[in-house]
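Quick look at upload.cif (mmCIF, N, CA, C and O atoms):
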```
data_data
loop_
_atom_site.label_atom_id
_atom_site.label_comp_id
_atom_site.auth_asym_id
_atom_site.auth_seq_id
_atom_site.Cartn_x
_atom_site.Cartn_y
_atom_site.Cartn_z
N SER A 65 0.24 -10.80 8.79
CA SER A 65 -1.01 -11.40 8.41
C SER A 65 -2.21 -10.73 9.07
O SER A 65 -3.32 -11.14 8.87
N ASP A 66 -1.95 -9.69 9.86
CA ASP A 66 -3.03 -8.97 10.53
C ASP A 66 -3.31 -7.67 9.77
O ASP A 66 -2.59 -6.69 9.91
N PRO A 67 -4.38 -7.63 8.95
CA PRO A 67 -4.64 -6.45 8.13
C PRO A 67 -4.99 -5.20 8.94
O PRO A 67 -4.86 -4.09 8.44
N LYS A 68 -5.41 -5.36 10.18
CA LYS A 68 -5.67 -4.18 11.01
C LYS A 68 -4.36 -3.56 11.48
O LYS A 68 -4.22 -2.35 11.53
N GLN A 69 -3.41 -4.40 11.84
CA GLN A 69 -2.11 -3.91 12.31
C GLN A 69 -1.20 -3.52 11.15
O GLN A 69 -0.42 -2.58 11.25
N PHE A 70 -1.31 -4.24 10.04
CA PHE A 70 -0.46 -4.01 8.87
C PHE A 70 -1.31 -3.87 7.61
O PHE A 70 -1.34 -4.77 6.77
N PRO A 71 -2.01 -2.73 7.45
CA PRO A 71 -2.84 -2.55 6.26
C PRO A 71 -1.99 -2.58 4.99
O PRO A 71 -0.90 -2.01 4.95
N LEU A 72 -2.47 -3.26 3.96
CA LEU A 72 -1.70 -3.40 2.73
C LEU A 72 -1.32 -2.07 2.11
O LEU A 72 -0.26 -1.94 1.51
N GLU A 73 -2.17 -1.05 2.26
CA GLU A 73 -1.85 0.24 1.65
C GLU A 73 -0.67 0.93 2.32
O GLU A 73 -0.17 1.93 1.81
N THR A 74 -0.22 0.41 3.46
CA THR A 74 0.95 1.00 4.13
C THR A 74 2.23 0.23 3.82
O THR A 74 3.29 0.59 4.32
N LEU A 75 2.12 -0.82 3.02
CA LEU A 75 3.29 -1.65 2.73
C LEU A 75 3.78 -1.41 1.30
O LEU A 75 3.01 -1.11 0.40
N TYR A 76 5.08 -1.57 1.12
CA TYR A 76 5.69 -1.51 -0.21
C TYR A 76 6.62 -2.70 -0.32
O TYR A 76 7.47 -2.91 0.56
N MET A 77 6.46 -3.49 -1.34
CA MET A 77 7.34 -4.64 -1.55
C MET A 77 8.22 -4.39 -2.76
O MET A 77 7.73 -3.97 -3.81
N PHE A 78 9.50 -4.63 -2.58
CA PHE A 78 10.46 -4.44 -3.65
C PHE A 78 11.08 -5.78 -3.98
O PHE A 78 11.51 -6.51 -3.08
N GLY A 79 11.10 -6.13 -5.24
CA GLY A 79 11.73 -7.38 -5.66
C GLY A 79 12.85 -7.11 -6.65
O GLY A 79 12.85 -6.08 -7.32
N TRP A 80 13.80 -7.97 -6.68
CA TRP A 80 14.91 -7.85 -7.63
C TRP A 80 15.29 -9.24 -8.08
O TRP A 80 14.71 -10.24 -7.66
N THR A 81 16.26 -9.36 -8.97
CA THR A 81 16.61 -10.65 -9.56
C THR A 81 17.14 -11.65 -8.56
O THR A 81 17.00 -12.85 -8.76
N GLY A 82 17.77 -11.17 -7.50
CA GLY A 82 18.38 -12.07 -6.53
C GLY A 82 19.70 -12.64 -7.02
O GLY A 82 20.24 -13.56 -6.40
N ALA A 83 20.21 -12.11 -8.11
CA ALA A 83 21.46 -12.62 -8.69
C ALA A 83 22.61 -12.50 -7.69
O ALA A 83 22.73 -11.52 -6.97
N LEU A 84 23.44 -13.52 -7.65
CA LEU A 84 24.61 -13.52 -6.77
C LEU A 84 25.74 -12.75 -7.45
O LEU A 84 26.78 -13.31 -7.82
N ASP A 85 25.52 -11.46 -7.60
CA ASP A 85 26.44 -10.62 -8.34
C ASP A 85 26.43 -9.23 -7.70
O ASP A 85 25.35 -8.66 -7.48
N VAL A 86 27.61 -8.70 -7.38
CA VAL A 86 27.70 -7.41 -6.71
C VAL A 86 27.05 -6.32 -7.56
O VAL A 86 26.29 -5.48 -7.04
N GLN A 87 27.28 -6.32 -8.87
CA GLN A 87 26.71 -5.27 -9.71
C GLN A 87 25.19 -5.35 -9.76
O GLN A 87 24.51 -4.34 -9.76
N ALA A 88 24.65 -6.57 -9.77
CA ALA A 88 23.19 -6.72 -9.76
C ALA A 88 22.60 -6.14 -8.49
O ALA A 88 21.55 -5.49 -8.51
N ARG A 89 23.28 -6.33 -7.37
CA ARG A 89 22.82 -5.77 -6.09
C ARG A 89 22.89 -4.25 -6.12
O ARG A 89 21.98 -3.57 -5.65
N LYS A 90 23.97 -3.72 -6.65
CA LYS A 90 24.11 -2.26 -6.73
C LYS A 90 23.06 -1.66 -7.67
O LYS A 90 22.50 -0.60 -7.39
N ASP A 91 22.79 -2.34 -8.78
CA ASP A 91 21.75 -1.87 -9.71
C ASP A 91 20.38 -1.88 -9.03
O ASP A 91 19.60 -0.93 -9.17
N ALA A 92 20.10 -2.95 -8.29
CA ALA A 92 18.83 -3.04 -7.58
C ALA A 92 18.73 -1.96 -6.51
O ALA A 92 17.66 -1.39 -6.27
N THR A 93 19.85 -1.65 -5.87
CA THR A 93 19.87 -0.61 -4.85
C THR A 93 19.46 0.73 -5.42
O THR A 93 18.69 1.48 -4.81
N LYS A 94 19.94 1.07 -6.61
CA LYS A 94 19.59 2.33 -7.25
C LYS A 94 18.08 2.39 -7.51
O LYS A 94 17.44 3.41 -7.23
N ILE A 95 17.52 1.32 -8.01
CA ILE A 95 16.08 1.27 -8.27
C ILE A 95 15.30 1.37 -6.96
O ILE A 95 14.32 2.11 -6.85
N PHE A 96 15.76 0.65 -5.94
CA PHE A 96 15.12 0.68 -4.63
C PHE A 96 15.18 2.09 -4.04
O PHE A 96 14.19 2.62 -3.54
N PHE A 97 16.35 2.72 -4.11
CA PHE A 97 16.53 4.07 -3.61
C PHE A 97 15.55 5.04 -4.29
O PHE A 97 14.87 5.82 -3.62
N ASP A 98 15.50 4.99 -5.62
CA ASP A 98 14.60 5.87 -6.37
C ASP A 98 13.14 5.64 -5.96
O ASP A 98 12.37 6.60 -5.83
N SER A 99 12.77 4.40 -5.75
CA SER A 99 11.41 4.07 -5.32
C SER A 99 11.12 4.66 -3.94
O SER A 99 10.04 5.21 -3.70
N LEU A 100 12.08 4.53 -3.03
CA LEU A 100 11.89 5.07 -1.69
C LEU A 100 11.78 6.59 -1.71
O LEU A 100 10.95 7.16 -0.98
N VAL A 101 12.58 7.25 -2.53
CA VAL A 101 12.49 8.70 -2.65
C VAL A 101 11.09 9.10 -3.11
O VAL A 101 10.48 10.02 -2.56
N ASP A 102 10.56 8.40 -4.10
CA ASP A 102 9.20 8.68 -4.59
C ASP A 102 8.17 8.50 -3.48
O ASP A 102 7.27 9.33 -3.31
N ILE A 103 8.28 7.42 -2.74
CA ILE A 103 7.34 7.14 -1.65
C ILE A 103 7.42 8.22 -0.58
O ILE A 103 6.39 8.72 -0.10
N ILE A 104 8.63 8.61 -0.21
CA ILE A 104 8.82 9.63 0.82
C ILE A 104 8.26 10.97 0.35
O ILE A 104 7.53 11.65 1.10
N GLN A 105 8.56 11.36 -0.88
CA GLN A 105 8.06 12.63 -1.40
C GLN A 105 6.53 12.66 -1.46
O GLN A 105 5.91 13.66 -1.13
N LYS A 106 5.94 11.56 -1.88
CA LYS A 106 4.47 11.48 -1.93
C LYS A 106 3.88 11.63 -0.53
O LYS A 106 2.90 12.35 -0.33
N HIS A 107 4.47 10.96 0.43
CA HIS A 107 3.98 11.03 1.81
C HIS A 107 4.10 12.46 2.34
O HIS A 107 3.17 12.96 3.00
N ILE A 108 5.20 13.11 2.07
CA ILE A 108 5.38 14.49 2.52
C ILE A 108 4.32 15.40 1.90
O ILE A 108 3.73 16.24 2.59
N ARG A 109 4.08 15.24 0.60
CA ARG A 109 3.04 16.04 -0.07
C ARG A 109 1.67 15.82 0.56
O ARG A 109 0.91 16.77 0.76
N GLU A 110 1.35 14.58 0.87
CA GLU A 110 0.02 14.25 1.36
C GLU A 110 -0.17 14.51 2.85
O GLU A 110 -1.28 14.79 3.30
N HIS A 111 0.92 14.38 3.64
CA HIS A 111 0.78 14.44 5.09
C HIS A 111 1.61 15.54 5.76
O HIS A 111 1.52 15.73 6.98
N GLY A 112 2.47 16.20 5.00
CA GLY A 112 3.26 17.29 5.56
C GLY A 112 4.44 16.89 6.41
O GLY A 112 5.05 17.73 7.08
N CYS A 113 4.78 15.61 6.40
CA CYS A 113 5.94 15.14 7.17
C CYS A 113 6.50 13.88 6.50
O CYS A 113 5.82 13.21 5.74
N ALA A 114 7.75 13.60 6.83
CA ALA A 114 8.38 12.40 6.28
C ALA A 114 7.82 11.17 7.01
O ALA A 114 7.52 11.24 8.21
N PRO A 115 7.70 10.05 6.31
CA PRO A 115 7.20 8.83 6.95
C PRO A 115 8.29 8.15 7.77
O PRO A 115 9.48 8.36 7.55
N TYR A 116 7.87 7.33 8.69
CA TYR A 116 8.77 6.44 9.40
C TYR A 116 8.85 5.17 8.57
O TYR A 116 7.81 4.59 8.24
N LEU A 117 10.05 4.75 8.21
CA LEU A 117 10.21 3.56 7.37
C LEU A 117 10.88 2.44 8.15
O LEU A 117 11.82 2.67 8.90
N THR A 118 10.40 1.25 7.94
CA THR A 118 11.05 0.04 8.44
C THR A 118 11.34 -0.82 7.22
O THR A 118 10.43 -1.13 6.45
N ILE A 119 12.60 -1.17 7.05
CA ILE A 119 12.99 -2.00 5.91
C ILE A 119 13.26 -3.41 6.43
O ILE A 119 14.10 -3.61 7.30
N ILE A 120 12.52 -4.36 5.91
CA ILE A 120 12.66 -5.76 6.29
C ILE A 120 13.20 -6.50 5.07
O ILE A 120 12.66 -6.37 3.97
N THR A 121 14.24 -7.26 5.26
CA THR A 121 14.88 -7.94 4.13
C THR A 121 14.99 -9.43 4.38
O THR A 121 14.78 -9.92 5.49
N HIS A 122 15.36 -10.11 3.32
CA HIS A 122 15.61 -11.55 3.41
C HIS A 122 16.81 -11.87 2.54
O HIS A 122 16.93 -11.38 1.41
N SER A 123 17.69 -12.67 3.06
CA SER A 123 18.84 -13.19 2.32
C SER A 123 19.65 -12.05 1.69
O SER A 123 19.98 -11.09 2.37
N HIS A 124 19.93 -12.15 0.41
CA HIS A 124 20.77 -11.14 -0.25
C HIS A 124 20.04 -9.81 -0.44
O HIS A 124 20.66 -8.81 -0.79
N GLY A 125 18.74 -9.78 -0.20
CA GLY A 125 18.04 -8.50 -0.16
C GLY A 125 18.59 -7.61 0.94
O GLY A 125 18.54 -6.39 0.85
N GLY A 126 19.13 -8.23 2.00
CA GLY A 126 19.80 -7.46 3.05
C GLY A 126 21.00 -6.72 2.51
O GLY A 126 21.28 -5.59 2.92
N ASN A 127 21.72 -7.34 1.58
CA ASN A 127 22.86 -6.67 0.96
C ASN A 127 22.40 -5.47 0.14
O ASN A 127 23.05 -4.43 0.13
N VAL A 128 21.29 -5.62 -0.56
CA VAL A 128 20.74 -4.50 -1.33
C VAL A 128 20.42 -3.35 -0.37
O VAL A 128 20.78 -2.20 -0.62
N ALA A 129 19.76 -3.64 0.74
CA ALA A 129 19.41 -2.60 1.70
C ALA A 129 20.67 -1.98 2.32
O ALA A 129 20.71 -0.76 2.54
N LEU A 130 21.68 -2.77 2.57
CA LEU A 130 22.92 -2.22 3.16
C LEU A 130 23.62 -1.26 2.21
O LEU A 130 24.26 -0.31 2.64
N TYR A 131 23.50 -1.49 0.91
CA TYR A 131 24.10 -0.57 -0.07
C TYR A 131 23.43 0.80 -0.05
O TYR A 131 24.00 1.75 -0.55
N LEU A 132 22.20 0.87 0.50
CA LEU A 132 21.54 2.17 0.58
C LEU A 132 22.40 3.14 1.36
O LEU A 132 22.40 4.30 1.17
#
```

Could you quickly redo this structure as C-alpha cells?
Amino acid sequence: SDPKQFPLETLYMFGWTGALDVQARKDATKIFFDSLVDIIQKHIREHGCAPYLTIITHSHGGNVALYL
C-alpha cells in the first residue's frame, strides 16, 4: 500500500481461473511463464540486465508458481 516503496509500474499481477484441476494449473503456468519471459526480455532491452523477481502467491496460485 506504499506507492513510494512499491510503485505500481514495477508490479505485475497474474490471474487465472483458480480451478481445482491439475491441468488448469499447468495451463496457467504456461501462460504465466510466457508472460514472465516477455517481462524479463523487455527489462533486459531497456536496462541491459535481467530484473530481480519476487513471486508472491496465494492459495492454489502457489501451485501454479511451483510448476514453473

Measure the distance from atom CA of A:Gln87 to atom N of A:Gly126 in Å and round it to one decimal.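 Between atom CA of A:Gln87 and atom N of A:Gly126 the gap works out to 14.3 Å.
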
Contact residues around A:Tyr131 with all atoms listed in the file at 8 Å, ignoring same-chain residues under 4 positions, as a list in words: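 Counting all atoms listed in the file, the residues come to Arg89, Lys90, Thr93, Lys94, Gly125, Gly126 and Asn127 of chain A.
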
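Neighbouring residues of A:Ala92 at 7 Å or closer, counting all atoms listed in the file and skipping chain neighbours under 4 positions away, are Gly79, Trp80, Thr81, Val86, Gln87, Ala88, Phe96, Phe97, Asp98 and Val128 of chain A.
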
Mind giving me the straight-line distance from atom C of A:Met77 to atom O of A:Ser65 in Å, one decimal? 17.7 Å

Mind working out the centre and edge lengths of an axis-aligned box for stretch 67-72 of chain A, all listed atoms inside, 3 Å added to each side, rounded to one decimal in Å and written as AutoDock Vina command-line options?
```
--center_x -3.0 --center_y -4.8 --center_z 6.9 --size_x 11.4 --size_y 11.7 --size_z 16.8
```

I need the residue set behind the PyMOL selection byres (((chain A and resi 119 and name CA) around 10) and name CA) for this file; please write it as a PyMOL selection string. chain A and resi 76-77+117-118+120-121+126+129

Measure the distance from atom CA of A:Leu100 to atom CA of A:Ala114 in Å and round it to one decimal.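 It comes out at 11.4 Å.
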
Give the helix (DSSP H, G or I) residues of chain A, as assigned by DSSP on the backbone, as a count of residues only. 36
